[in-house]
$ cat run.pdb   # PDB, C-alpha atoms
MODEL        1
ATOM      1  CA  MET A   1      -2.498  98.837 105.824
ATOM      2  CA  ASP A   2      -3.955  95.361 105.333
ATOM      3  CA  VAL A   3      -1.735  92.609 103.983
ATOM      4  CA  GLY A   4      -1.994  88.869 103.514
ATOM      5  CA  LEU A   5       1.109  86.845 104.358
ATOM      6  CA  ILE A   6       1.673  83.335 103.017
ATOM      7  CA  GLY A   7       4.249  81.330 104.966
ATOM      8  CA  LEU A   8       4.701  81.667 108.716
ATOM      9  CA  GLY A   9       8.039  79.936 109.185
ATOM     10  CA  LYS A  10      11.114  81.347 110.915
ATOM     11  CA  MET A  11      11.019  84.658 109.077
ATOM     12  CA  GLY A  12       7.367  84.879 108.091
ATOM     13  CA  ALA A  13       6.076  84.580 111.648
ATOM     14  CA  ASN A  14       8.474  87.256 112.875
ATOM     15  CA  MET A  15       7.525  89.532 109.993
ATOM     16  CA  ARG A  16       3.864  89.131 110.903
ATOM     17  CA  THR A  17       4.667  90.190 114.464
ATOM     18  CA  ARG A  18       6.774  93.181 113.402
ATOM     19  CA  LEU A  19       4.062  94.389 111.031
ATOM     20  CA  ARG A  20       1.345  94.025 113.654
ATOM     21  CA  ASP A  21       3.502  95.857 116.175
ATOM     22  CA  GLY A  22       3.778  98.611 113.558
ATOM     23  CA  GLY A  23       0.003  98.987 113.336
ATOM     24  CA  HIS A  24      -0.726  96.936 110.219
ATOM     25  CA  THR A  25      -3.462  94.330 109.896
ATOM     26  CA  VAL A  26      -1.902  91.023 108.872
ATOM     27  CA  ILE A  27      -3.833  87.909 107.928
ATOM     28  CA  GLY A  28      -1.355  85.050 107.759
ATOM     29  CA  TYR A  29      -1.829  81.724 106.060
ATOM     30  CA  ASP A  30       0.287  78.639 106.658
ATOM     31  CA  ARG A  31      -0.281  74.967 105.962
ATOM     32  CA  ASN A  32       0.154  74.419 109.692
ATOM     33  CA  PRO A  33      -3.326  75.240 111.083
ATOM     34  CA  GLU A  34      -1.897  75.855 114.553
ATOM     35  CA  ILE A  35      -0.156  79.038 113.429
ATOM     36  CA  SER A  36      -2.408  80.094 110.536
ATOM     37  CA  ASP A  37      -4.892  82.971 110.840
ATOM     38  CA  ALA A  38      -7.098  81.580 108.090
ATOM     39  CA  PRO A  39      -8.272  78.030 107.377
ATOM     40  CA  SER A  40      -7.323  78.261 103.704
ATOM     41  CA  LEU A  41      -5.561  80.491 101.212
ATOM     42  CA  ALA A  42      -8.909  81.402  99.684
ATOM     43  CA  ALA A  43     -10.253  82.384 103.088
ATOM     44  CA  MET A  44      -7.226  84.596 103.703
ATOM     45  CA  VAL A  45      -7.705  86.385 100.381
ATOM     46  CA  GLU A  46     -11.437  86.791 101.040
ATOM     47  CA  GLN A  47     -10.729  88.648 104.292
ATOM     48  CA  LEU A  48      -8.514  91.265 102.619
ATOM     49  CA  PRO A  49     -10.010  94.562 101.438
ATOM     50  CA  SER A  50      -9.468  95.590  97.812
ATOM     51  CA  PRO A  51      -7.060  96.345  96.294
ATOM     52  CA  LYS A  52      -5.525  93.299  97.931
ATOM     53  CA  VAL A  53      -1.823  92.955  98.775
ATOM     54  CA  VAL A  54      -0.425  89.480  99.421
ATOM     55  CA  TRP A  55       3.169  88.824 100.508
ATOM     56  CA  VAL A  56       4.524  85.363  99.648
ATOM     57  CA  MET A  57       7.173  84.161 102.121
ATOM     58  CA  VAL A  58       7.743  80.503 101.264
ATOM     59  CA  PRO A  59      10.817  78.613  99.964
ATOM     60  CA  ALA A  60      11.921  79.310  96.405
ATOM     61  CA  GLY A  61      10.999  76.893  93.666
ATOM     62  CA  ALA A  62       7.894  74.722  93.737
ATOM     63  CA  PRO A  63       6.328  76.230  96.913
ATOM     64  CA  THR A  64       6.546  79.731  95.421
ATOM     65  CA  HIS A  65       5.352  78.605  91.979
ATOM     66  CA  GLU A  66       2.331  76.907  93.571
ATOM     67  CA  SER A  67       1.510  79.977  95.663
ATOM     68  CA  ILE A  68       1.715  82.300  92.643
ATOM     69  CA  ASP A  69      -0.440  79.954  90.560
ATOM     70  CA  ALA A  70      -3.086  79.841  93.302
ATOM     71  CA  LEU A  71      -3.060  83.625  93.744
ATOM     72  CA  SER A  72      -3.478  84.150  90.004
ATOM     73  CA  GLU A  73      -6.879  82.495  90.364
ATOM     74  CA  LEU A  74      -7.866  84.192  93.636
ATOM     75  CA  LEU A  75      -6.804  87.789  93.002
ATOM     76  CA  GLY A  76      -8.021  90.266  90.421
ATOM     77  CA  GLU A  77      -7.180  93.434  88.559
ATOM     78  CA  GLY A  78      -5.422  96.034  90.688
ATOM     79  CA  ASP A  79      -4.278  93.564  93.335
ATOM     80  CA  LEU A  80      -0.599  93.033  94.099
ATOM     81  CA  VAL A  81       1.684  90.103  94.933
ATOM     82  CA  VAL A  82       5.051  90.540  96.662
ATOM     83  CA  ASP A  83       7.501  87.637  96.557
ATOM     84  CA  GLY A  84       9.744  88.034  99.609
ATOM     85  CA  GLY A  85      11.372  84.612  99.384
ATOM     86  CA  ASN A  86      14.720  83.790  97.806
ATOM     87  CA  SER A  87      13.416  83.222  94.293
ATOM     88  CA  LYS A  88      15.691  83.351  91.262
ATOM     89  CA  TRP A  89      15.197  86.582  89.315
ATOM     90  CA  THR A  90      14.216  84.686  86.170
ATOM     91  CA  ASP A  91      11.348  83.096  88.102
ATOM     92  CA  ASP A  92      10.184  86.594  89.054
ATOM     93  CA  GLN A  93       9.877  87.542  85.423
ATOM     94  CA  ALA A  94       7.777  84.462  84.668
ATOM     95  CA  HIS A  95       5.560  85.075  87.715
ATOM     96  CA  ALA A  96       5.052  88.741  86.818
ATOM     97  CA  ALA A  97       4.068  87.835  83.263
ATOM     98  CA  LYS A  98       1.563  85.248  84.480
ATOM     99  CA  LEU A  99      -0.064  87.649  86.943
ATOM    100  CA  ALA A 100      -0.109  90.501  84.419
ATOM    101  CA  THR A 101      -2.556  88.568  82.247
ATOM    102  CA  LYS A 102      -5.087  89.063  85.073
ATOM    103  CA  GLY A 103      -4.100  92.676  85.754
ATOM    104  CA  ILE A 104      -2.351  91.685  88.998
ATOM    105  CA  GLY A 105       0.826  93.577  89.912
ATOM    106  CA  PHE A 106       4.059  91.975  91.074
ATOM    107  CA  VAL A 107       7.020  93.105  93.185
ATOM    108  CA  ASP A 108      10.047  90.988  93.994
ATOM    109  CA  CYS A 109      11.727  91.684  97.314
ATOM    110  CA  GLY A 110      14.970  90.201  98.552
ATOM    111  CA  VAL A 111      14.872  90.077 102.353
ATOM    112  CA  SER A 112      17.877  89.819 104.666
ATOM    113  CA  GLY A 113      17.770  89.706 108.437
ATOM    114  CA  GLY A 114      17.153  86.100 109.332
ATOM    115  CA  VAL A 115      15.875  85.239 112.767
ATOM    116  CA  TRP A 116      17.089  88.624 114.065
ATOM    117  CA  GLY A 117      14.802  90.653 111.812
ATOM    118  CA  LEU A 118      11.984  90.948 114.342
ATOM    119  CA  GLN A 119      14.228  92.910 116.661
ATOM    120  CA  ASN A 120      16.598  94.633 114.222
ATOM    121  CA  GLY A 121      14.474  95.002 111.097
ATOM    122  CA  TYR A 122      14.943  93.497 107.647
ATOM    123  CA  ALA A 123      17.102  94.800 104.829
ATOM    124  CA  LEU A 124      14.851  94.955 101.770
ATOM    125  CA  MET A 125      15.891  94.984  98.102
ATOM    126  CA  CYS A 126      12.849  95.448  95.860
ATOM    127  CA  GLY A 127      12.291  95.259  92.134
ATOM    128  CA  GLY A 128       9.357  96.369  90.003
ATOM    129  CA  ALA A 129       7.529  99.450  88.819
ATOM    130  CA  ALA A 130       7.607 102.439  91.157
ATOM    131  CA  SER A 131       3.807 102.568  91.061
ATOM    132  CA  GLU A 132       3.619  99.016  92.418
ATOM    133  CA  ILE A 133       6.317  99.639  95.042
ATOM    134  CA  ALA A 134       4.309 102.634  96.291
ATOM    135  CA  LYS A 135       1.288 100.429  97.003
ATOM    136  CA  VAL A 136       3.197  98.462  99.615
ATOM    137  CA  GLN A 137       5.672 101.125 100.818
ATOM    138  CA  PRO A 138       4.078 101.372 104.297
ATOM    139  CA  VAL A 139       4.864  97.680 104.816
ATOM    140  CA  PHE A 140       8.453  98.169 103.652
ATOM    141  CA  ASP A 141       8.853 101.143 105.990
ATOM    142  CA  THR A 142       7.761  99.040 108.966
ATOM    143  CA  LEU A 143       9.873  96.005 108.132
ATOM    144  CA  LYS A 144      13.111  97.864 107.408
ATOM    145  CA  PRO A 145      15.625  98.741 110.133
ATOM    146  CA  ALA A 146      15.510 102.156 111.779
ATOM    147  CA  GLY A 147      17.557 104.816 109.998
ATOM    148  CA  GLU A 148      18.087 105.946 106.439
ATOM    149  CA  SER A 149      19.444 102.678 105.028
ATOM    150  CA  GLY A 150      17.955  99.214 104.855
ATOM    151  CA  PHE A 151      15.515  99.674 101.966
ATOM    152  CA  VAL A 152      16.277 100.071  98.271
ATOM    153  CA  HIS A 153      14.176 100.102  95.128
ATOM    154  CA  ALA A 154      16.836  98.229  93.176
ATOM    155  CA  GLY A 155      15.279  98.699  89.755
ATOM    156  CA  GLU A 156      12.136  99.212  87.728
ATOM    157  CA  ARG A 157      12.492  95.842  86.057
ATOM    158  CA  VAL A 158      11.032  92.833  87.828
ATOM    159  CA  GLY A 159      13.773  90.595  89.220
ATOM    160  CA  SER A 160      16.178  93.393  90.106
ATOM    161  CA  GLY A 161      15.455  93.052  93.823
ATOM    162  CA  HIS A 162      16.157  89.338  93.957
ATOM    163  CA  PHE A 163      19.202  89.801  91.724
ATOM    164  CA  ALA A 164      20.597  92.313  94.236
ATOM    165  CA  LYS A 165      19.857  89.929  97.124
ATOM    166  CA  MET A 166      21.542  87.112  95.205
ATOM    167  CA  VAL A 167      24.743  89.128  94.890
ATOM    168  CA  HIS A 168      24.462  90.064  98.579
ATOM    169  CA  ASN A 169      24.368  86.369  99.462
ATOM    170  CA  GLY A 170      27.323  85.631  97.207
ATOM    171  CA  ILE A 171      29.345  88.259  99.059
ATOM    172  CA  GLU A 172      28.149  86.749 102.333
ATOM    173  CA  TYR A 173      29.584  83.381 101.245
ATOM    174  CA  ALA A 174      32.993  84.959 100.642
ATOM    175  CA  ILE A 175      33.128  86.907 103.918
ATOM    176  CA  MET A 176      32.185  83.844 105.947
ATOM    177  CA  GLN A 177      34.777  81.772 104.112
ATOM    178  CA  ALA A 178      37.523  84.262 104.993
ATOM    179  CA  TYR A 179      36.622  84.235 108.688
ATOM    180  CA  ALA A 180      36.367  80.446 108.609
ATOM    181  CA  GLU A 181      39.783  79.944 107.032
ATOM    182  CA  GLY A 182      41.315  82.309 109.576
ATOM    183  CA  PHE A 183      39.687  80.273 112.339
ATOM    184  CA  GLU A 184      41.128  77.055 110.947
ATOM    185  CA  LEU A 185      44.668  78.471 110.749
ATOM    186  CA  LEU A 186      44.508  79.824 114.314
ATOM    187  CA  GLU A 187      43.233  76.458 115.538
ATOM    188  CA  THR A 188      45.806  74.446 113.585
ATOM    189  CA  VAL A 189      49.015  76.272 114.542
ATOM    190  CA  ASP A 190      50.031  75.505 118.124
ATOM    191  CA  LEU A 191      50.760  79.104 119.049
ATOM    192  CA  VAL A 192      47.609  81.091 119.913
ATOM    193  CA  ASP A 193      46.083  79.995 123.215
ATOM    194  CA  ASN A 194      42.850  81.975 123.107
ATOM    195  CA  VAL A 195      41.357  81.793 119.625
ATOM    196  CA  THR A 196      37.885  82.857 120.742
ATOM    197  CA  GLU A 197      39.329  85.896 122.526
ATOM    198  CA  VAL A 198      41.308  86.822 119.409
ATOM    199  CA  PHE A 199      38.149  86.889 117.303
ATOM    200  CA  ASP A 200      36.376  88.798 120.062
ATOM    201  CA  SER A 201      39.132  91.424 120.107
ATOM    202  CA  TRP A 202      38.635  92.056 116.387
ATOM    203  CA  ARG A 203      35.065  93.247 116.991
ATOM    204  CA  GLU A 204      36.233  96.734 118.017
ATOM    205  CA  GLY A 205      38.528  99.063 116.109
ATOM    206  CA  THR A 206      39.535  96.707 113.273
ATOM    207  CA  VAL A 207      38.750  96.968 109.578
ATOM    208  CA  ILE A 208      37.243  93.448 109.531
ATOM    209  CA  ARG A 209      34.616  93.985 112.231
ATOM    210  CA  SER A 210      31.101  93.001 111.143
ATOM    211  CA  TRP A 211      27.872  91.420 112.304
ATOM    212  CA  LEU A 212      29.037  88.087 110.920
ATOM    213  CA  LEU A 213      32.126  88.354 113.123
ATOM    214  CA  ASP A 214      29.862  89.076 116.112
ATOM    215  CA  LEU A 215      27.860  85.948 115.349
ATOM    216  CA  LEU A 216      30.962  83.788 114.976
ATOM    217  CA  VAL A 217      32.187  84.962 118.378
ATOM    218  CA  THR A 218      28.801  84.084 119.880
ATOM    219  CA  ALA A 219      29.079  80.583 118.424
ATOM    220  CA  LEU A 220      32.666  80.182 119.647
ATOM    221  CA  LYS A 221      31.780  81.250 123.176
ATOM    222  CA  ASP A 222      29.189  78.478 123.228
ATOM    223  CA  ASP A 223      31.600  75.895 121.784
ATOM    224  CA  ASN A 224      35.242  77.104 121.738
ATOM    225  CA  HIS A 225      36.515  74.608 119.199
ATOM    226  CA  LEU A 226      33.165  73.912 117.498
ATOM    227  CA  ASP A 227      33.458  70.291 118.558
ATOM    228  CA  GLN A 228      29.690  69.834 118.521
ATOM    229  CA  ILE A 229      29.300  70.821 114.868
ATOM    230  CA  ARG A 230      30.117  68.742 111.832
ATOM    231  CA  GLY A 231      32.138  70.596 109.194
ATOM    232  CA  TYR A 232      29.330  70.374 106.643
ATOM    233  CA  ALA A 233      27.820  73.538 105.141
ATOM    234  CA  ASP A 234      24.734  73.622 102.933
ATOM    235  CA  ASP A 235      24.125  76.273 100.273
ATOM    236  CA  SER A 236      20.787  77.958  99.649
ATOM    237  CA  GLY A 237      21.204  78.177  95.875
ATOM    238  CA  GLU A 238      21.913  81.886  95.611
ATOM    239  CA  GLY A 239      25.670  81.356  95.684
ATOM    240  CA  ARG A 240      25.316  79.082  92.670
ATOM    241  CA  TRP A 241      23.096  81.596  90.872
ATOM    242  CA  THR A 242      25.633  84.372  91.547
ATOM    243  CA  VAL A 243      28.447  82.352  89.991
ATOM    244  CA  GLU A 244      26.193  81.372  87.056
ATOM    245  CA  ALA A 245      25.399  85.052  86.438
ATOM    246  CA  ALA A 246      29.113  85.879  86.591
ATOM    247  CA  ILE A 247      29.834  83.224  83.977
ATOM    248  CA  ASP A 248      26.971  84.408  81.750
ATOM    249  CA  ASN A 249      28.277  87.983  81.870
ATOM    250  CA  ALA A 250      32.042  87.249  81.842
ATOM    251  CA  VAL A 251      32.537  88.850  85.257
ATOM    252  CA  PRO A 252      35.526  87.416  87.193
ATOM    253  CA  MET A 253      34.299  86.253  90.580
ATOM    254  CA  ASN A 254      37.208  84.263  91.968
ATOM    255  CA  VAL A 255      36.575  84.622  95.697
ATOM    256  CA  ILE A 256      32.832  83.987  95.655
ATOM    257  CA  ALA A 257      33.258  81.004  93.326
ATOM    258  CA  ALA A 258      35.943  79.553  95.598
ATOM    259  CA  SER A 259      33.739  79.989  98.677
ATOM    260  CA  LEU A 260      30.907  78.136  96.927
ATOM    261  CA  PHE A 261      33.200  75.285  95.935
ATOM    262  CA  ALA A 262      34.492  75.106  99.517
ATOM    263  CA  ARG A 263      30.951  74.297 100.634
ATOM    264  CA  PHE A 264      30.814  71.468  98.121
ATOM    265  CA  ALA A 265      34.134  70.171  99.464
ATOM    266  CA  SER A 266      32.748  70.251 103.007
ATOM    267  CA  ARG A 267      30.339  67.485 102.086
ATOM    268  CA  GLN A 268      33.237  65.177 101.338
ATOM    269  CA  ASP A 269      35.697  65.785 104.178
ATOM    270  CA  ASP A 270      35.167  67.246 107.635
ATOM    271  CA  SER A 271      36.734  70.682 107.938
ATOM    272  CA  PRO A 272      37.294  73.101 110.858
ATOM    273  CA  ALA A 273      36.643  76.014 108.478
ATOM    274  CA  MET A 274      33.298  74.526 107.503
ATOM    275  CA  LYS A 275      32.410  74.146 111.168
ATOM    276  CA  ALA A 276      32.766  77.934 111.394
ATOM    277  CA  ILE A 277      30.620  78.449 108.271
ATOM    278  CA  ALA A 278      27.917  76.151 109.660
ATOM    279  CA  ALA A 279      28.017  77.952 113.016
ATOM    280  CA  MET A 280      27.595  81.400 111.423
ATOM    281  CA  ARG A 281      24.735  80.236 109.187
ATOM    282  CA  ASN A 282      22.969  78.844 112.243
ATOM    283  CA  GLN A 283      23.502  82.074 114.176
ATOM    284  CA  PHE A 284      22.140  84.532 111.606
ATOM    285  CA  GLY A 285      19.493  82.472 109.876
ATOM    286  CA  GLY A 286      18.620  79.583 112.142
ATOM    287  CA  HIS A 287      19.861  77.264 109.394
ATOM    288  CA  ALA A 288      20.151  73.651 110.498
ATOM    289  CA  ILE A 289      23.514  72.352 111.591
ATOM    290  CA  HIS A 290      24.722  68.787 111.305
ATOM    291  CA  PRO A 291      25.793  67.612 114.781
ATOM    292  CA  GLU A 292      29.175  65.971 115.016
ATOM    293  CA  THR A 293      28.972  62.202 115.279
ATOM    294  CA  PRO A 294      30.333  60.672 118.512
ATOM    295  CA  ASP A 295      33.108  58.730 116.778
ATOM    296  CA  LYS A 296      34.582  61.965 115.368
ATOM    297  CA  ARG A 297      34.774  63.897 118.627
TER     298      ARG A 297
ENDMDL
END

$ encode --input "run.pdb" --output "structure tokens"
Amino acid sequence: MDVGLIGLGKMGANMRTRLRDGGHTVIGYDRNPEISDAPSLAAMVEQLPSPKVVWVMVPAGAPTHESIDALSELLGEGDLVVDGGNSKWTDDQAHAAKLATKGIGFVDCGVSGGVWGLQNGYALMCGGAASEIAKVQPVFDTLKPAGESGFVHAGERVGSGHFAKMVHNGIEYAIMQAYAEGFELLETVDLVDNVTEVFDSWREGTVIRSWLLDLLVTALKDDNHLDQIRGYADDSGEGRWTVEAAIDNAVPMNVIAASLFARFASRQDDSPAMKAIAAMRNQFGGHAIHPETPDKR
């Protein structure tokens, strides 16, 4: 099928490639003319056949709001917008309402896979009416990983996809924090000689094996003690939203809340555990790391 794609950054560019490899026609637009397929957003929309499907893959907040506002003027009745960024579910509801006044459909889609999605596929969590999901199902089928899992229609109500992805990211915070604290204890106690090899050994046959563990081992093999990384970990916002939702609904979320607060603490004092968090975030998502300063090495 034909699809417009706004945002050709780390994930957007790889998604364009995966879709084209799957036989779809993708017209991408990015503010960087060197990677854009169209000179303007209007030109991209003009090239799409009707009914038009446009996938928005830009950062949450103002960039997404601006893209939705522009598309509300460029698209028409029967067209569809998919927000594949990390928007807050309440923003989805506002965007859907705005587009509905023009007869334009809306689907929210939480996307996980990071810089590895081109090769492995993207886990997709979508929200919105089944009739709207069906319009873009061929795209979902191409982007998802091979096999039965990897795609879910999380709910009929707009925002359910991004809400599911938000909780996914909250869990991700907690898992990374557990690995990171284990790394710090192994590094601190003068007993285990081969910390990297210990983590590597856990990748087979243990109940804590995971892709995140694989990525941590990759980072440790490159830098055994993570000396080149500052113990400073950013947060994307979804961890905060998860804890806010837990508070709003009186759901105890002790571990995820603690892992979020640990990231805040990392911005005050350097921490071996936060070095591990930063290394894993860089491995799976290409998130920036803060290099260690010479005087701290």

$ residues_around --input "run.pdb" --residues "Gly170 (chain A)" --least-positions-apart "5" --cutoff "7 Å" --atoms "all atoms listed in the file" --output "list in words"
Glu238, Gly239, Thr242 and Ile256 of chain A

$ resolve_selection --input "run.pdb" --expression "the PyMOL selection byres ((chain A and resi 44-49) around 7)" --output "ChimeraX atom specification"
/A:2,4,27,29,38,40-43,50-52

$ resolve_selection --input "run.pdb" --expression "the PyMOL selection byres ((chain A and resi 61-77) around 10)" --output "MDAnalysis selection string"
chainID A and resid 6:7 41:43 45:46 50:54 56:60 78:88 91:92 94:96 98:105

$ residues_around --input "run.pdb" --residues "Val243 (chain A)" --least-positions-apart "6" --cutoff "10 Å" --atoms "all atoms listed in the file" --output "JSON, numbers by chain"
{"A": [166, 167, 170, 249, 251, 252, 253, 254, 256, 257, 258, 260]}

$ closest_residue --input "run.pdb" --among "A:Ala178, A:Ala123, A:Met11, A:Leu186" --to "Gly286 (chain A)" --atoms "all atoms listed in the file"
A:Met11

$ resolve_selection --input "run.pdb" --expression "the PyMOL selection byres ((chain A and resi 266) around 10)" --output "number ranges by chain"
A: 230-234, 261-265, 267-275, 277

$ residues_near_point --input "run.pdb" --point "(34.7, 76.6, 116.5)" --cutoff "10 Å" --atoms "all atoms listed in the file" --output "count of residues only"
29

$ closest_residue --input "run.pdb" --among "A:Ala146, A:Leu118, A:Ala164, A:Leu212" --to "Asp21 (chain A)" --atoms "all atoms listed in the file"
A:Leu118

$ residues_around --input "run.pdb" --residues "His162 (chain A)" --least-positions-apart "6" --cutoff "8 Å" --atoms "all atoms listed in the file" --output "PyMOL selection string"
chain A and resi 86-89+108-110+125-127

$ closest_residue --input "run.pdb" --among "A:Gly22, A:Gly205, A:Gly155, A:Pro145" --to "Ala130 (chain A)" --atoms "all atoms listed in the file"
A:Gly155

$ closest_residue --input "run.pdb" --among "A:Glu148, A:Asn120, A:Lys10, A:Ala245" --to "His287 (chain A)" --atoms "only C-alpha atoms"
A:Lys10

$ atom_distance --input "run.pdb" --atom1 "CA of Arg240 (chain A)" --atom2 "CA of Ile175 (chain A)"
15.8 Å

$ residues_around --input "run.pdb" --residues "Leu8 (chain A)" --least-positions-apart "3" --cutoff "9 Å" --atoms "all atoms listed in the file" --output "CSV table (one decimal) with C-alpha atoms, keeping the file's coordinate frame"
chain,number,residue,atom,x,y,z
A,5,LEU,CA,1.1,86.8,104.4
A,11,MET,CA,11.0,84.7,109.1
A,12,GLY,CA,7.4,84.9,108.1
A,13,ALA,CA,6.1,84.6,111.6
A,14,ASN,CA,8.5,87.3,112.9
A,15,MET,CA,7.5,89.5,110.0
A,16,ARG,CA,3.9,89.1,110.9
A,28,GLY,CA,-1.4,85.0,107.8
A,29,TYR,CA,-1.8,81.7,106.1
A,30,ASP,CA,0.3,78.6,106.7
A,31,ARG,CA,-0.3,75.0,106.0
A,32,ASN,CA,0.2,74.4,109.7
A,35,ILE,CA,-0.2,79.0,113.4
A,36,SER,CA,-2.4,80.1,110.5
A,57,MET,CA,7.2,84.2,102.1
A,58,VAL,CA,7.7,80.5,101.3

$ closest_residue --input "run.pdb" --among "A:Leu19, A:Val111, A:Ile133, A:Leu143" --to "Phe163 (chain A)" --atoms "all atoms listed in the file"
A:Val111

$ residues_around --input "run.pdb" --residues "Gly128 (chain A)" --least-positions-apart "5" --cutoff "8 Å" --atoms "all atoms listed in the file" --output "list in words"
Phe106, Val107, Asp108, Ile133, His153, Gly155, Glu156, Arg157, Val158, Gly159, Ser160 and Gly161 of chain A

$ axis_aligned_box --input "run.pdb" --around "region 200-218 of chain A" --padding-each-side "4 Å" --output "AutoDock Vina command-line options"
--center_x 33.7 --center_y 91.4 --center_z 114.8 --size_x 19.7 --size_y 23.3 --size_z 18.6

$ atom_distance --input "run.pdb" --atom1 "CA of Gly182 (chain A)" --atom2 "CA of Gly113 (chain A)"
24.7 Å

$ decode --input "run.pdb" --residues "region 141-153 of chain A" --atoms "N, CA and C atoms" --output "PDB file, in the first residue's frame"
ATOM      1  N   ASP A 141       1.567  -5.383   9.439  1.00  0.00           N
ATOM      2  CA  ASP A 141       2.041  -6.747   9.193  1.00  0.00           C
ATOM      3  C   ASP A 141       3.485  -6.772   8.700  1.00  0.00           C
ATOM      4  N   THR A 142       3.871  -5.738   7.953  1.00  0.00           N
ATOM      5  CA  THR A 142       5.245  -5.671   7.450  1.00  0.00           C
ATOM      6  C   THR A 142       6.223  -5.209   8.516  1.00  0.00           C
ATOM      7  N   LEU A 143       5.794  -4.283   9.357  1.00  0.00           N
ATOM      8  CA  LEU A 143       6.688  -3.741  10.376  1.00  0.00           C
ATOM      9  C   LEU A 143       6.907  -4.697  11.539  1.00  0.00           C
ATOM     10  N   LYS A 144       5.927  -5.504  11.872  1.00  0.00           N
ATOM     11  CA  LYS A 144       6.027  -6.366  13.047  1.00  0.00           C
ATOM     12  C   LYS A 144       7.077  -7.457  12.850  1.00  0.00           C
ATOM     13  N   PRO A 145       7.554  -8.052  13.941  1.00  0.00           N
ATOM     14  CA  PRO A 145       8.485  -9.175  13.815  1.00  0.00           C
ATOM     15  C   PRO A 145       7.802 -10.384  13.184  1.00  0.00           C
ATOM     16  N   ALA A 146       8.603 -11.312  12.688  1.00  0.00           N
ATOM     17  CA  ALA A 146       8.055 -12.564  12.168  1.00  0.00           C
ATOM     18  C   ALA A 146       7.441 -13.349  13.325  1.00  0.00           C
ATOM     19  N   GLY A 147       6.427 -14.157  13.036  1.00  0.00           N
ATOM     20  CA  GLY A 147       5.799 -14.952  14.079  1.00  0.00           C
ATOM     21  C   GLY A 147       4.436 -14.425  14.463  1.00  0.00           C
ATOM     22  N   GLU A 148       3.830 -15.087  15.440  1.00  0.00           N
ATOM     23  CA  GLU A 148       2.462 -14.768  15.827  1.00  0.00           C
ATOM     24  C   GLU A 148       2.366 -13.512  16.696  1.00  0.00           C
ATOM     25  N   SER A 149       3.396 -13.249  17.490  1.00  0.00           N
ATOM     26  CA  SER A 149       3.347 -12.112  18.411  1.00  0.00           C
ATOM     27  C   SER A 149       3.996 -10.884  17.787  1.00  0.00           C
ATOM     28  N   GLY A 150       3.908  -9.782  18.497  1.00  0.00           N
ATOM     29  CA  GLY A 150       4.570  -8.561  18.034  1.00  0.00           C
ATOM     30  C   GLY A 150       3.610  -7.473  17.607  1.00  0.00           C
ATOM     31  N   PHE A 151       2.332  -7.833  17.405  1.00  0.00           N
ATOM     32  CA  PHE A 151       1.316  -6.827  17.080  1.00  0.00           C
ATOM     33  C   PHE A 151       0.105  -7.058  17.969  1.00  0.00           C
ATOM     34  N   VAL A 152      -0.459  -5.963  18.500  1.00  0.00           N
ATOM     35  CA  VAL A 152      -1.695  -6.085  19.266  1.00  0.00           C
ATOM     36  C   VAL A 152      -2.565  -4.866  19.012  1.00  0.00           C
ATOM     37  N   HIS A 153      -3.850  -5.115  18.803  1.00  0.00           N
ATOM     38  CA  HIS A 153      -4.845  -4.043  18.820  1.00  0.00           C
ATOM     39  C   HIS A 153      -5.248  -3.916  20.279  1.00  0.00           C
TER      40      HIS A 153
END
